[in-house]
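Have a look at model-v4.pdb below; it lists PDB, C-alpha atoms.
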```
ATOM      1  CA  SER P  18     -63.960  57.820  35.183
ATOM      2  CA  PRO P  19     -60.345  57.089  36.179
ATOM      3  CA  ILE P  20     -61.263  53.445  36.782
ATOM      4  CA  THR P  21     -62.744  53.147  33.299
ATOM      5  CA  ALA P  22     -59.593  54.697  31.824
ATOM      6  CA  ALA P  23     -57.436  52.172  33.721
ATOM      7  CA  VAL P  24     -59.590  49.283  32.515
ATOM      8  CA  GLN P  25     -59.150  50.563  28.957
ATOM      9  CA  SER P  26     -55.379  50.960  29.433
ATOM     10  CA  SER P  27     -53.233  49.911  26.489
ATOM     11  CA  ALA P  28     -51.072  47.872  28.877
ATOM     12  CA  ARG P  29     -53.850  45.323  29.287
ATOM     13  CA  GLU P  30     -53.798  42.323  26.996
ATOM     14  CA  ASP P  31     -56.727  41.589  24.698
ATOM     15  CA  LYS P  32     -57.344  38.256  26.421
ATOM     16  CA  ALA P  33     -57.668  40.118  29.741
ATOM     17  CA  ARG P  34     -60.130  42.598  28.233
ATOM     18  CA  ALA P  35     -62.218  39.682  26.977
ATOM     19  CA  ARG P  36     -62.844  38.715  30.643
ATOM     20  CA  ASP P  37     -64.138  42.203  31.581
ATOM     21  CA  LYS P  38     -67.727  41.276  30.758
ATOM     22  CA  TYR P  39     -67.544  38.439  33.302
ATOM     23  CA  ARG P  40     -65.428  40.061  36.017
ATOM     24  CA  HIS P  41     -66.898  43.593  35.891
ATOM     25  CA  PRO P  42     -63.734  45.420  37.011
ATOM     26  CA  VAL P  43     -65.156  48.949  36.781
ATOM     27  CA  GLU P  44     -68.202  48.065  38.865
ATOM     28  CA  THR P  45     -66.120  46.058  41.344
ATOM     29  CA  LEU P  46     -63.548  48.775  41.992
ATOM     30  CA  GLU P  47     -66.236  51.472  42.155
ATOM     31  CA  PHE P  48     -68.197  49.348  44.642
ATOM     32  CA  PHE P  49     -65.131  49.034  46.868
ATOM     33  CA  GLY P  50     -64.572  52.790  46.534
ATOM     34  CA  VAL P  51     -61.050  52.737  45.086
ATOM     35  CA  LYS P  52     -59.799  56.169  43.997
ATOM     36  CA  PRO P  53     -56.635  57.174  42.093
ATOM     37  CA  ASP P  54     -55.024  58.471  45.320
ATOM     38  CA  SER P  55     -55.704  55.299  47.322
ATOM     39  CA  LYS P  56     -53.145  52.979  48.851
ATOM     40  CA  VAL P  57     -54.195  49.517  47.730
ATOM     41  CA  VAL P  58     -52.757  46.171  48.746
ATOM     42  CA  GLU P  59     -53.589  43.426  46.269
ATOM     43  CA  LEU P  60     -53.382  40.006  47.917
ATOM     44  CA  TRP P  61     -52.217  37.135  45.753
ATOM     45  CA  PRO P  62     -52.266  38.963  42.422
ATOM     46  CA  GLY P  63     -51.598  35.729  40.582
ATOM     47  CA  GLY P  64     -49.509  34.970  37.554
ATOM     48  CA  GLY P  65     -51.865  36.690  35.161
ATOM     49  CA  LEU P  66     -51.715  40.007  37.044
ATOM     50  CA  TRP P  67     -55.270  40.594  35.840
ATOM     51  CA  TYR P  68     -56.326  43.226  38.401
ATOM     52  CA  THR P  69     -52.750  44.475  38.774
ATOM     53  CA  SER P  70     -52.871  45.653  35.163
ATOM     54  CA  ILE P  71     -55.874  47.817  36.122
ATOM     55  CA  LEU P  72     -54.810  48.959  39.582
ATOM     56  CA  ALA P  73     -51.262  49.951  38.585
ATOM     57  CA  PRO P  74     -52.253  52.547  35.958
ATOM     58  CA  LEU P  75     -55.116  53.771  38.164
ATOM     59  CA  LEU P  76     -52.796  54.415  41.129
ATOM     60  CA  LYS P  77     -49.675  55.381  39.166
ATOM     61  CA  ASP P  78     -49.741  59.162  39.590
ATOM     62  CA  SER P  79     -51.132  59.769  43.080
ATOM     63  CA  GLY P  80     -51.742  56.406  44.735
ATOM     64  CA  GLN P  81     -49.761  53.412  45.912
ATOM     65  CA  LEU P  82     -49.994  49.746  44.952
ATOM     66  CA  VAL P  83     -48.596  46.944  47.085
ATOM     67  CA  LEU P  84     -48.553  43.437  45.634
ATOM     68  CA  ALA P  85     -48.584  40.858  48.410
ATOM     69  CA  ALA P  86     -48.111  37.143  48.020
ATOM     70  CA  SER P  87     -46.036  34.262  49.249
ATOM     71  CA  ALA P  88     -42.440  34.030  48.071
ATOM     72  CA  ASP P  89     -43.319  31.937  45.054
ATOM     73  CA  ALA P  90     -40.593  32.435  42.446
ATOM     74  CA  TYR P  91     -43.084  32.097  39.581
ATOM     75  CA  TRP P  92     -45.303  34.871  40.949
ATOM     76  CA  VAL P  93     -42.420  37.201  41.803
ATOM     77  CA  ASP P  94     -40.785  36.711  38.386
ATOM     78  CA  LYS P  95     -44.106  37.247  36.586
ATOM     79  CA  ALA P  96     -44.891  40.420  38.564
ATOM     80  CA  LYS P  97     -41.423  41.892  38.024
ATOM     81  CA  ALA P  98     -41.620  41.104  34.309
ATOM     82  CA  GLY P  99     -45.014  42.837  34.194
ATOM     83  CA  LEU P 100     -43.552  45.875  35.917
ATOM     84  CA  GLU P 101     -40.621  46.063  33.529
ATOM     85  CA  ALA P 102     -42.767  45.603  30.448
ATOM     86  CA  ASN P 103     -45.300  48.220  31.550
ATOM     87  CA  ALA P 104     -43.207  50.740  33.525
ATOM     88  CA  GLU P 105     -44.528  53.673  31.499
ATOM     89  CA  THR P 106     -48.179  52.733  32.030
ATOM     90  CA  TRP P 107     -47.901  51.200  35.512
ATOM     91  CA  GLY P 108     -45.314  53.544  36.988
ATOM     92  CA  THR P 109     -42.660  52.531  39.462
ATOM     93  CA  ASN P 110     -44.442  53.262  42.740
ATOM     94  CA  ILE P 111     -45.248  49.588  43.348
ATOM     95  CA  GLU P 112     -44.078  47.670  46.392
ATOM     96  CA  PHE P 113     -43.849  43.936  46.951
ATOM     97  CA  ALA P 114     -44.714  42.224  50.205
ATOM     98  CA  LEU P 115     -43.774  38.588  50.612
ATOM     99  CA  VAL P 116     -45.909  37.085  53.333
ATOM    100  CA  ASP P 117     -44.835  33.671  54.523
ATOM    101  CA  SER P 118     -45.219  33.775  58.292
ATOM    102  CA  PRO P 119     -47.620  35.003  60.962
ATOM    103  CA  GLU P 120     -45.254  37.900  61.729
ATOM    104  CA  ALA P 121     -45.093  39.199  58.153
ATOM    105  CA  SER P 122     -46.794  42.432  57.149
ATOM    106  CA  LEU P 123     -48.513  43.450  53.953
ATOM    107  CA  THR P 124     -47.447  47.061  54.459
ATOM    108  CA  ALA P 125     -46.970  49.425  57.392
ATOM    109  CA  ASP P 126     -49.776  48.891  59.900
ATOM    110  CA  GLY P 127     -52.743  51.215  59.530
ATOM    111  CA  THR P 128     -51.667  52.747  56.208
ATOM    112  CA  ALA P 129     -53.722  50.979  53.516
ATOM    113  CA  ASP P 130     -57.041  52.319  52.294
ATOM    114  CA  PHE P 131     -57.879  48.964  50.716
ATOM    115  CA  VAL P 132     -56.764  45.362  50.906
ATOM    116  CA  LEU P 133     -58.291  43.551  47.945
ATOM    117  CA  THR P 134     -58.196  39.946  46.852
ATOM    118  CA  PHE P 135     -59.801  38.675  43.698
ATOM    119  CA  ARG P 136     -60.831  35.029  43.314
ATOM    120  CA  ASN P 137     -58.350  33.809  45.927
ATOM    121  CA  ALA P 138     -60.254  33.138  49.147
ATOM    122  CA  HIS P 139     -61.095  29.623  47.985
ATOM    123  CA  ASN P 140     -57.356  28.961  47.575
ATOM    124  CA  MET P 141     -56.549  30.394  51.004
ATOM    125  CA  ILE P 142     -59.212  28.501  52.941
ATOM    126  CA  GLY P 143     -57.962  25.179  54.157
ATOM    127  CA  ARG P 144     -54.400  26.426  54.589
ATOM    128  CA  GLU P 145     -53.094  27.375  58.004
ATOM    129  CA  SER P 146     -51.697  30.546  56.444
ATOM    130  CA  VAL P 147     -55.216  31.876  55.767
ATOM    131  CA  LYS P 148     -55.389  33.108  59.361
ATOM    132  CA  TYR P 149     -52.283  35.234  59.075
ATOM    133  CA  TRP P 150     -53.261  36.546  55.653
ATOM    134  CA  PHE P 151     -56.544  37.831  57.058
ATOM    135  CA  ALA P 152     -54.870  39.121  60.237
ATOM    136  CA  ALA P 153     -52.201  40.934  58.215
ATOM    137  CA  SER P 154     -54.977  42.477  56.105
ATOM    138  CA  PHE P 155     -56.704  43.783  59.214
ATOM    139  CA  LYS P 156     -53.458  45.256  60.564
ATOM    140  CA  ALA P 157     -52.592  46.911  57.248
ATOM    141  CA  LEU P 158     -55.850  48.839  56.928
ATOM    142  CA  LYS P 159     -56.469  52.357  58.165
ATOM    143  CA  PRO P 160     -59.474  52.771  60.455
ATOM    144  CA  GLY P 161     -62.445  52.613  58.087
ATOM    145  CA  GLY P 162     -60.367  50.893  55.398
ATOM    146  CA  VAL P 163     -61.960  48.294  53.132
ATOM    147  CA  PHE P 164     -61.130  44.596  52.972
ATOM    148  CA  GLY P 165     -62.580  43.613  49.608
ATOM    149  CA  VAL P 166     -62.971  39.957  48.706
ATOM    150  CA  THR P 167     -64.400  38.652  45.470
ATOM    151  CA  ASP P 168     -64.684  34.962  44.746
ATOM    152  CA  HIS P 169     -66.930  32.262  43.357
ATOM    153  CA  ARG P 170     -69.694  31.920  45.934
ATOM    154  CA  ALA P 171     -70.831  28.481  47.008
ATOM    155  CA  LYS P 172     -74.330  28.004  48.307
ATOM    156  CA  GLU P 173     -74.338  27.071  51.995
ATOM    157  CA  GLY P 174     -74.663  23.279  52.325
ATOM    158  CA  SER P 175     -73.896  22.606  48.653
ATOM    159  CA  ALA P 176     -71.465  19.999  47.353
ATOM    160  CA  ALA P 177     -69.167  22.836  46.222
ATOM    161  CA  ALA P 178     -69.159  24.283  49.750
ATOM    162  CA  ALA P 179     -68.089  20.915  51.156
ATOM    163  CA  ASP P 180     -65.273  20.435  48.616
ATOM    164  CA  PRO P 181     -62.230  22.620  49.370
ATOM    165  CA  LYS P 182     -60.919  22.052  45.838
ATOM    166  CA  SER P 183     -64.129  23.165  44.100
ATOM    167  CA  GLY P 184     -62.991  26.747  43.556
ATOM    168  CA  TYR P 185     -66.052  27.981  45.429
ATOM    169  CA  VAL P 186     -66.387  29.301  48.967
ATOM    170  CA  THR P 187     -69.323  30.277  51.131
ATOM    171  CA  GLU P 188     -69.842  33.855  52.182
ATOM    172  CA  ALA P 189     -70.167  32.638  55.789
ATOM    173  CA  ALA P 190     -66.719  31.001  55.682
ATOM    174  CA  VAL P 191     -65.061  34.221  54.507
ATOM    175  CA  ILE P 192     -66.963  36.326  57.049
ATOM    176  CA  LYS P 193     -65.964  33.948  59.868
ATOM    177  CA  LEU P 194     -62.281  34.191  58.936
ATOM    178  CA  ALA P 195     -62.491  37.970  58.701
ATOM    179  CA  GLN P 196     -64.173  38.235  62.097
ATOM    180  CA  GLU P 197     -61.543  35.961  63.668
ATOM    181  CA  ALA P 198     -58.885  38.303  62.251
ATOM    182  CA  GLY P 199     -60.447  41.329  63.951
ATOM    183  CA  PHE P 200     -62.823  42.688  61.329
TER     184      PHE P 200
END
```

Rewrite the structure of this file - the entire thing - as structure tokens.
Amino acid sequence: SPITAAVQSSAREDKARARDKYRHPVETLEFFGVKPDSKVVELWPGGGLWYTSILAPLLKDSGQLVLAASADAYWVDKAKAGLEANAETWGTNIEFALVDSPEASLTADGTADFVLTFRNAHNMIGRESVKYWFAASFKALKPGGVFGVTDHRAKEGSAAAADPKSGYVTEAAVIKLAQEAGF
């Protein structure tokens, strides 16, 4: 499949490939329904650009990738370095969206097939900005578009669920935020 080919891309580092058995990128992207001609916004791609290194080659020829994060110099520098180092494999049809205010957009309203965030909801929750990240995601999606969130799931009522720094988040907390944003 095209997703499998992207996961096996030579642009991915060996240490990233070693995490495939834990993160299940082929199954995750197939579950969300991502196709090579999709427009995908990746929220908070992170310094490692782990999913970016899969999404970019997948979408290179007929899709569109938008990397959206706050204007953190480390993240922007890391993403631009990744683009430069992998231009042949990733292509150049990648946009950046810096989202630092409630008025900011991820991309033109109603144009994204997918807004995806991987292992970030637990970092967003507890920040005031989480509300505008979710709202911007809702506005970016086409009717019927997919807001895909993966994260470490905390059991409702557990110590991890009560600790905002645990790295875990309850499904109910994410659903509540999404519903408040219009989903």

6 Å contact set for Val132 of chain P, all atoms listed in the file, chain neighbours under 4 positions out, as a VMD selection string: chain P and resid 57 to 59 164

Take the residues that were just selected and, keeping C-alpha atoms, output them as a compact mmCIF listing (two decimals), keeping the file's coordinate frame.
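Done, and the output landed in out.txt:
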```txt
# COMPACT_ATOMS: atom_id res chain seq x y z
CA VAL P 57 -54.20 49.52 47.73
CA VAL P 58 -52.76 46.17 48.75
CA GLU P 59 -53.59 43.43 46.27
CA PHE P 164 -61.13 44.60 52.97
```

Point-to-point distance from atom CA of Gly184 of chain P to atom CA of Trp61 of chain P, Å rounded to tenths: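 Here the two named atoms are 15.1 Å from each other.
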
Of the listed residues P:Asp78, P:Glu30, P:Glu188, P:Glu173, that which approaches Glu105 of chain P most closely, counting only C-alpha atoms: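 For Glu105 of chain P, the nearest of the candidates is P:Asp78.
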
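Going from atom CA of Glu112 of chain P over to atom CA of Ala33 of chain P, you cover 22.8 Å.
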
Contact residues around segment 144-157 of chain P with only C-alpha atoms at 9 Å, ignoring same-chain residues under 5 positions, as JSON, numbers by chain: {"P": [58, 60, 116, 117, 118, 119, 120, 121, 122, 123, 124, 125, 126, 127, 128, 129, 130, 131, 132, 133, 138, 162, 164, 194, 195, 197, 198, 199, 200]}

Can those selected residues be exported to a file as a compact mmCIF listing (two decimals), in the coordinates of the input so that it contains C-alpha atoms?
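To be explicit, this is the file written out as result-v6.txt:
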```txt
# COMPACT_ATOMS: atom_id res chain seq x y z
CA VAL P 58 -52.76 46.17 48.75
CA LEU P 60 -53.38 40.01 47.92
CA VAL P 116 -45.91 37.08 53.33
CA ASP P 117 -44.84 33.67 54.52
CA SER P 118 -45.22 33.78 58.29
CA PRO P 119 -47.62 35.00 60.96
CA GLU P 120 -45.25 37.90 61.73
CA ALA P 121 -45.09 39.20 58.15
CA SER P 122 -46.79 42.43 57.15
CA LEU P 123 -48.51 43.45 53.95
CA THR P 124 -47.45 47.06 54.46
CA ALA P 125 -46.97 49.42 57.39
CA ASP P 126 -49.78 48.89 59.90
CA GLY P 127 -52.74 51.22 59.53
CA THR P 128 -51.67 52.75 56.21
CA ALA P 129 -53.72 50.98 53.52
CA ASP P 130 -57.04 52.32 52.29
CA PHE P 131 -57.88 48.96 50.72
CA VAL P 132 -56.76 45.36 50.91
CA LEU P 133 -58.29 43.55 47.94
CA ALA P 138 -60.25 33.14 49.15
CA GLY P 162 -60.37 50.89 55.40
CA PHE P 164 -61.13 44.60 52.97
CA LEU P 194 -62.28 34.19 58.94
CA ALA P 195 -62.49 37.97 58.70
CA GLU P 197 -61.54 35.96 63.67
CA ALA P 198 -58.88 38.30 62.25
CA GLY P 199 -60.45 41.33 63.95
CA PHE P 200 -62.82 42.69 61.33
```

Long-range neighbours of Val186 of chain P as a ChimeraX atom specification, 10 Å cut-off, only C-alpha atoms, 4 positions minimum in chain: /P:136-140,142,168-173,177-182,190-191

Contact residues around Thr106 of chain P with all atoms listed in the file at 9 Å, ignoring same-chain residues under 4 positions, as a list of chain:residue names: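 Listing them by chain and then by number gives P:Ser26, P:Ser27, P:Ala28, P:Ala73, P:Pro74, P:Lys77.
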
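Among the candidates P:Ser175, P:Thr167, P:Ser87, P:Ser183, the one nearest to Phe48 of chain P when counting all atoms listed in the file is P:Thr167.
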
Atom pair atom CA of Asn103 of chain P / atom CA of Tyr39 of chain P: separation (Å):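 Between these atoms lies a distance of 24.4 Å.
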
Residues within 12 Å of Val24 of chain P, all atoms listed in the file, excluding chain neighbours under 3 positions, as a ChimeraX atom specification: /P:18-21,27-31,33-38,40-47,67-75,106

Radius query 12 Å about (-68.9, 54.9, 56.1), atoms used: all atoms listed in the file, as number ranges by chain: P: 49-50, 160-163

Closest of P:Phe113, P:Leu66, P:Gly99, P:Thr187 to Ala85 of chain P - atom-to-atom distances counting all atoms listed in the file: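 Residue with the minimum atom-to-atom distance to Ala85 of chain P: P:Phe113.
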
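Shortest atom-to-atom contact with Pro62 of chain P among P:Leu158, P:Val93, P:Ala23, P:Ala98: P:Val93, counting all atoms listed in the file.
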